[in-house]
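Peer 1: My questions all concern the structure below.
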Amino acid sequence: MKDYQTLQYREKEGVATITFNRPEVSNSINKQLQIDLLAAIEQVCADDAVRVVVLTGAGKNFCAGFDLNERLTNPDDTATYLLDNYTKPIISAIYNAEKPFICAINGSAAGVSSALAMTCDLITMADNAYIYQAFSTLSLIPDGGACWHLVQQLGYRRAYEMVIEAEKMPAQQCLELGLVNRVLPADQLVARTEEWALELAKKAPLTLRYTKEAMHQALLTDLMSTVDIEGKIQDVVMQSRDVQEGFTAFFEKRAPVFTGK
């Protein structure tokens with residue numbers, strides 16, 4: 001098991017939990033954290049024993065966004081350089097992963113960390129947590145794909161208002177607007193999120209994988225094109241051993257045992 005400088009990593013029964021571990025600076029994202037995070041994501045994606053991934057933060061907050069102290073001490077690092085070489089590979093790795101990622105937001109998910117959270121397939125939030133679009137307080141714009149996620153989920157006007165007002169959106173409102181899946185008691189957030197992840201880890205791996213792929217493509221196309229995409233993916237899945245197992249288990253009236261093959 002690889003050791004990480006800025007993360008905690010553990011596995012249990014098909015669930016990998018990755019925890020940002022810079023609580024003294026509210027888990028703000030520096031270069032080393034991004035290097036560690038990409039390596040951890042690559043590790044879980046390559047591990048067939050891992051079926052679901054949980055992402056959370058140590059201490060009081062999920063993440064304060066980019067480490068501004070590092071940015072100030074490295075003024076020659078442009079936003080494009082940092083995004084292309086550090087942030088974008090992480091966003092891409094989560095988005096294109098064949099297994100689901102659940103983000104468990106504790107405390108504040110500020111700045112680019114809100115984009116990272118929204119890239120995950122599912123989100124839980126502590127009942128005292130909030131998503132903070134802090135960019136306008138620094139005369140910046142959202143990055144890391146936050147604009148795409150917010151407009152897709154909230155529509156242009158509500159998303160624009162949230163950003164320019166530097167809104168701190170509380171957990172219950174995030175739930176009502178469909179930004180997150182579940183709001184949980186703060187002291188039970190990680191435990192109950194991991195319980196959900198353990199339940200999902202017992203589901204059909206090919207369903208988890210290919211539904212994610214189909215829905216991502218559905219976001220970018222029309223109804224009839226989506227029907228075609230679903231058909232092509234279904235043809236692939238129908239050739240799997242897991243589908244044969246599912247059919248056999250159905251007729252034998254027993255629980256299926258899926259392997260992801």
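Ordering of the structure tokens sets the chain letters (A, B, ...), residue numbers begin anew at 1 in every chain, and ligands are numbered from 1 in the order given.
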Tell me, counting only C-alpha atoms, for each residue of region 2-93 of chain A within 12 Å of region 125-135 of chain A, which pair of atoms is nearest and how far apart they are in Å to one decimal, in rows ordered by chain and increasing number, as JSON lines.

Peer 2:
```
{"residue": "A:Leu55", "atom": "CA", "partner": "A:Met125", "partner_atom": "CA", "distance": 11.6}
{"residue": "A:Thr56", "atom": "CA", "partner": "A:Met125", "partner_atom": "CA", "distance": 10.0}
{"residue": "A:Gly57", "atom": "CA", "partner": "A:Met125", "partner_atom": "CA", "distance": 11.6}
{"residue": "A:Lys60", "atom": "CA", "partner": "A:Ala129", "partner_atom": "CA", "distance": 9.4}
{"residue": "A:Asn61", "atom": "CA", "partner": "A:Ala129", "partner_atom": "CA", "distance": 8.1}
{"residue": "A:Phe62", "atom": "CA", "partner": "A:Ala129", "partner_atom": "CA", "distance": 8.8}
{"residue": "A:Cys63", "atom": "CA", "partner": "A:Ile131", "partner_atom": "CA", "distance": 10.0}
{"residue": "A:Ala64", "atom": "CA", "partner": "A:Tyr132", "partner_atom": "CA", "distance": 9.0}
{"residue": "A:Gly65", "atom": "CA", "partner": "A:Ala134", "partner_atom": "CA", "distance": 9.0}
{"residue": "A:Phe66", "atom": "CA", "partner": "A:Phe135", "partner_atom": "CA", "distance": 10.9}
```

Peer 1: Could the residues in this selection be written to a file with all heavy atoms, as a short mmCIF file (atom, residue, chain, number, x, y, z; two decimals), in the first residue's frame?

Peer 2:
```cif
data_model
loop_
_atom_site.label_atom_id
_atom_site.label_comp_id
_atom_site.auth_asym_id
_atom_site.auth_seq_id
_atom_site.Cartn_x
_atom_site.Cartn_y
_atom_site.Cartn_z
N LEU A 55 -14.54 9.92 -1.18
CA LEU A 55 -13.60 11.03 -1.06
C LEU A 55 -14.10 11.99 0.00
O LEU A 55 -15.24 12.45 -0.06
CB LEU A 55 -13.49 11.76 -2.42
CG LEU A 55 -12.49 12.90 -2.53
CD1 LEU A 55 -11.06 12.40 -2.36
CD2 LEU A 55 -12.65 13.58 -3.89
N THR A 56 -13.26 12.32 1.00
CA THR A 56 -13.67 13.22 2.07
C THR A 56 -12.46 13.98 2.61
O THR A 56 -11.36 13.86 2.06
CB THR A 56 -14.40 12.44 3.19
OG1 THR A 56 -15.02 13.35 4.09
CG2 THR A 56 -13.45 11.52 3.94
N GLY A 57 -12.68 14.77 3.66
CA GLY A 57 -11.60 15.57 4.23
C GLY A 57 -11.46 15.37 5.72
O GLY A 57 -12.46 15.20 6.43
N LYS A 60 -12.32 19.72 10.26
CA LYS A 60 -13.60 20.40 10.24
C LYS A 60 -14.15 20.66 8.85
O LYS A 60 -15.36 20.84 8.67
CB LYS A 60 -13.49 21.74 10.98
CG LYS A 60 -13.19 21.60 12.47
CD LYS A 60 -13.11 22.97 13.14
CE LYS A 60 -12.83 22.84 14.63
NZ LYS A 60 -12.74 24.18 15.29
N ASN A 61 -13.29 20.71 7.83
CA ASN A 61 -13.72 21.08 6.49
C ASN A 61 -13.30 20.06 5.45
O ASN A 61 -12.25 19.41 5.58
CB ASN A 61 -13.15 22.44 6.10
CG ASN A 61 -13.71 23.56 6.96
OD1 ASN A 61 -14.92 23.74 7.04
ND2 ASN A 61 -12.84 24.30 7.61
N PHE A 62 -14.10 19.96 4.40
CA PHE A 62 -13.73 19.12 3.27
C PHE A 62 -12.49 19.69 2.60
O PHE A 62 -11.46 19.04 2.49
CB PHE A 62 -14.89 19.03 2.28
CG PHE A 62 -14.53 18.34 0.99
CD1 PHE A 62 -14.17 17.00 0.99
CD2 PHE A 62 -14.56 19.03 -0.21
CE1 PHE A 62 -13.82 16.36 -0.19
CE2 PHE A 62 -14.23 18.39 -1.39
CZ PHE A 62 -13.86 17.06 -1.40
N CYS A 63 -12.59 20.96 2.17
CA CYS A 63 -11.45 21.58 1.49
C CYS A 63 -11.71 23.07 1.30
O CYS A 63 -12.81 23.48 0.97
CB CYS A 63 -11.22 20.91 0.14
SG CYS A 63 -9.84 21.59 -0.80
N ALA A 64 -10.64 23.87 1.49
CA ALA A 64 -10.75 25.32 1.35
C ALA A 64 -10.43 25.81 -0.06
O ALA A 64 -10.33 27.01 -0.29
CB ALA A 64 -9.81 26.00 2.34
N GLY A 65 -10.26 24.89 -1.01
CA GLY A 65 -9.89 25.29 -2.36
C GLY A 65 -8.38 25.32 -2.52
O GLY A 65 -7.64 24.70 -1.75
N PHE A 66 -7.92 26.02 -3.53
CA PHE A 66 -6.47 26.09 -3.77
C PHE A 66 -5.75 26.75 -2.60
O PHE A 66 -6.28 27.67 -1.97
CB PHE A 66 -6.17 26.87 -5.06
CG PHE A 66 -6.34 26.06 -6.32
CD1 PHE A 66 -7.11 26.54 -7.36
CD2 PHE A 66 -5.72 24.83 -6.47
CE1 PHE A 66 -7.27 25.81 -8.53
CE2 PHE A 66 -5.86 24.09 -7.63
CZ PHE A 66 -6.64 24.58 -8.66
#
```

Peer 1: Within 6 Å of region 9-22 of chain A, counting only C-alpha atoms, which residues show up once you throw out same-chain ones fewer than 3 positions away? Write them as a VMD selection string, please.

Peer 2: chain A and resid 6 25 27 49 to 58 201

Peer 1: Give me a file of those residues, with N, CA and C atoms, as an mmCIF file, in the first residue's frame.

Peer 2:
```cif
data_model
loop_
_atom_site.group_PDB
_atom_site.id
_atom_site.type_symbol
_atom_site.label_atom_id
_atom_site.label_comp_id
_atom_site.auth_asym_id
_atom_site.auth_seq_id
_atom_site.Cartn_x
_atom_site.Cartn_y
_atom_site.Cartn_z
ATOM 1 N N THR A 6 -0.101 13.737 1.816
ATOM 2 C CA THR A 6 -1.205 14.657 2.110
ATOM 3 C C THR A 6 -2.565 13.967 2.174
ATOM 4 N N VAL A 25 -4.715 23.461 7.484
ATOM 5 C CA VAL A 25 -5.013 24.527 6.512
ATOM 6 C C VAL A 25 -6.323 24.209 5.797
ATOM 7 N N ASN A 27 -7.420 21.577 4.593
ATOM 8 C CA ASN A 27 -7.215 20.703 3.433
ATOM 9 C C ASN A 27 -7.094 21.460 2.119
ATOM 10 N N ALA A 49 -10.255 -5.118 -6.851
ATOM 11 C CA ALA A 49 -10.942 -5.382 -5.581
ATOM 12 C C ALA A 49 -11.744 -4.178 -5.112
ATOM 13 N N VAL A 50 -11.402 -2.985 -5.612
ATOM 14 C CA VAL A 50 -12.127 -1.764 -5.245
ATOM 15 C C VAL A 50 -13.266 -1.534 -6.221
ATOM 16 N N ARG A 51 -14.465 -1.406 -5.692
ATOM 17 C CA ARG A 51 -15.634 -1.193 -6.556
ATOM 18 C C ARG A 51 -16.254 0.187 -6.393
ATOM 19 N N VAL A 52 -16.062 0.811 -5.227
ATOM 20 C CA VAL A 52 -16.613 2.144 -4.964
ATOM 21 C C VAL A 52 -15.559 2.942 -4.206
ATOM 22 N N VAL A 53 -15.503 4.254 -4.478
ATOM 23 C CA VAL A 53 -14.511 5.126 -3.846
ATOM 24 C C VAL A 53 -15.224 6.245 -3.101
ATOM 25 N N VAL A 54 -14.785 6.505 -1.871
ATOM 26 C CA VAL A 54 -15.297 7.625 -1.069
ATOM 27 C C VAL A 54 -14.191 8.661 -0.949
ATOM 28 N N LEU A 55 -14.543 9.922 -1.177
ATOM 29 C CA LEU A 55 -13.596 11.035 -1.065
ATOM 30 C C LEU A 55 -14.100 11.993 -0.004
ATOM 31 N N THR A 56 -13.258 12.317 0.997
ATOM 32 C CA THR A 56 -13.674 13.220 2.071
ATOM 33 C C THR A 56 -12.464 13.978 2.608
ATOM 34 N N GLY A 57 -12.681 14.772 3.665
ATOM 35 C CA GLY A 57 -11.602 15.573 4.229
ATOM 36 C C GLY A 57 -11.460 15.372 5.722
ATOM 37 N N ALA A 58 -10.229 15.406 6.213
ATOM 38 C CA ALA A 58 -9.982 15.291 7.642
ATOM 39 C C ALA A 58 -10.255 16.629 8.333
ATOM 40 N N ALA A 201 -21.108 -1.425 -3.440
ATOM 41 C CA ALA A 201 -20.039 -2.348 -3.851
ATOM 42 C C ALA A 201 -20.571 -3.749 -4.105
#
```

Peer 1: With distances taken over only C-alpha atoms, which of A:Ala115, A:Ala110, A:Ile35, A:Ile105 is nearest to Leu82 (chain A)?

Peer 2: A:Ile35

Peer 1: Which is closest to Glu167 (chain A) among A:Gln188, A:Gln152, A:Ser92, A:Ser136, if we use only C-alpha atoms?

Peer 2: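 Of A:Gln188, A:Gln152, A:Ser92, A:Ser136, the one nearest Glu167 (chain A) is A:Ser136, counting only C-alpha atoms.
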
Peer 1: Which residue out of A:Arg71, A:Ile91, A:Trp196, A:Ile233 has the minimum interatomic distance to Arg182 (chain A) when only C-alpha atoms are used?

Peer 2: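 Answer, going by the shortest atom-to-atom distance: A:Trp196.
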
Peer 1: Go through A:Val183, A:Ala197, A:Leu7, A:Val163 and flag the residue nearest Phe101 (chain A), using only C-alpha atoms for the distances.

Peer 2: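 Of A:Val183, A:Ala197, A:Leu7, A:Val163, the one nearest Phe101 (chain A) is A:Ala197, counting only C-alpha atoms.
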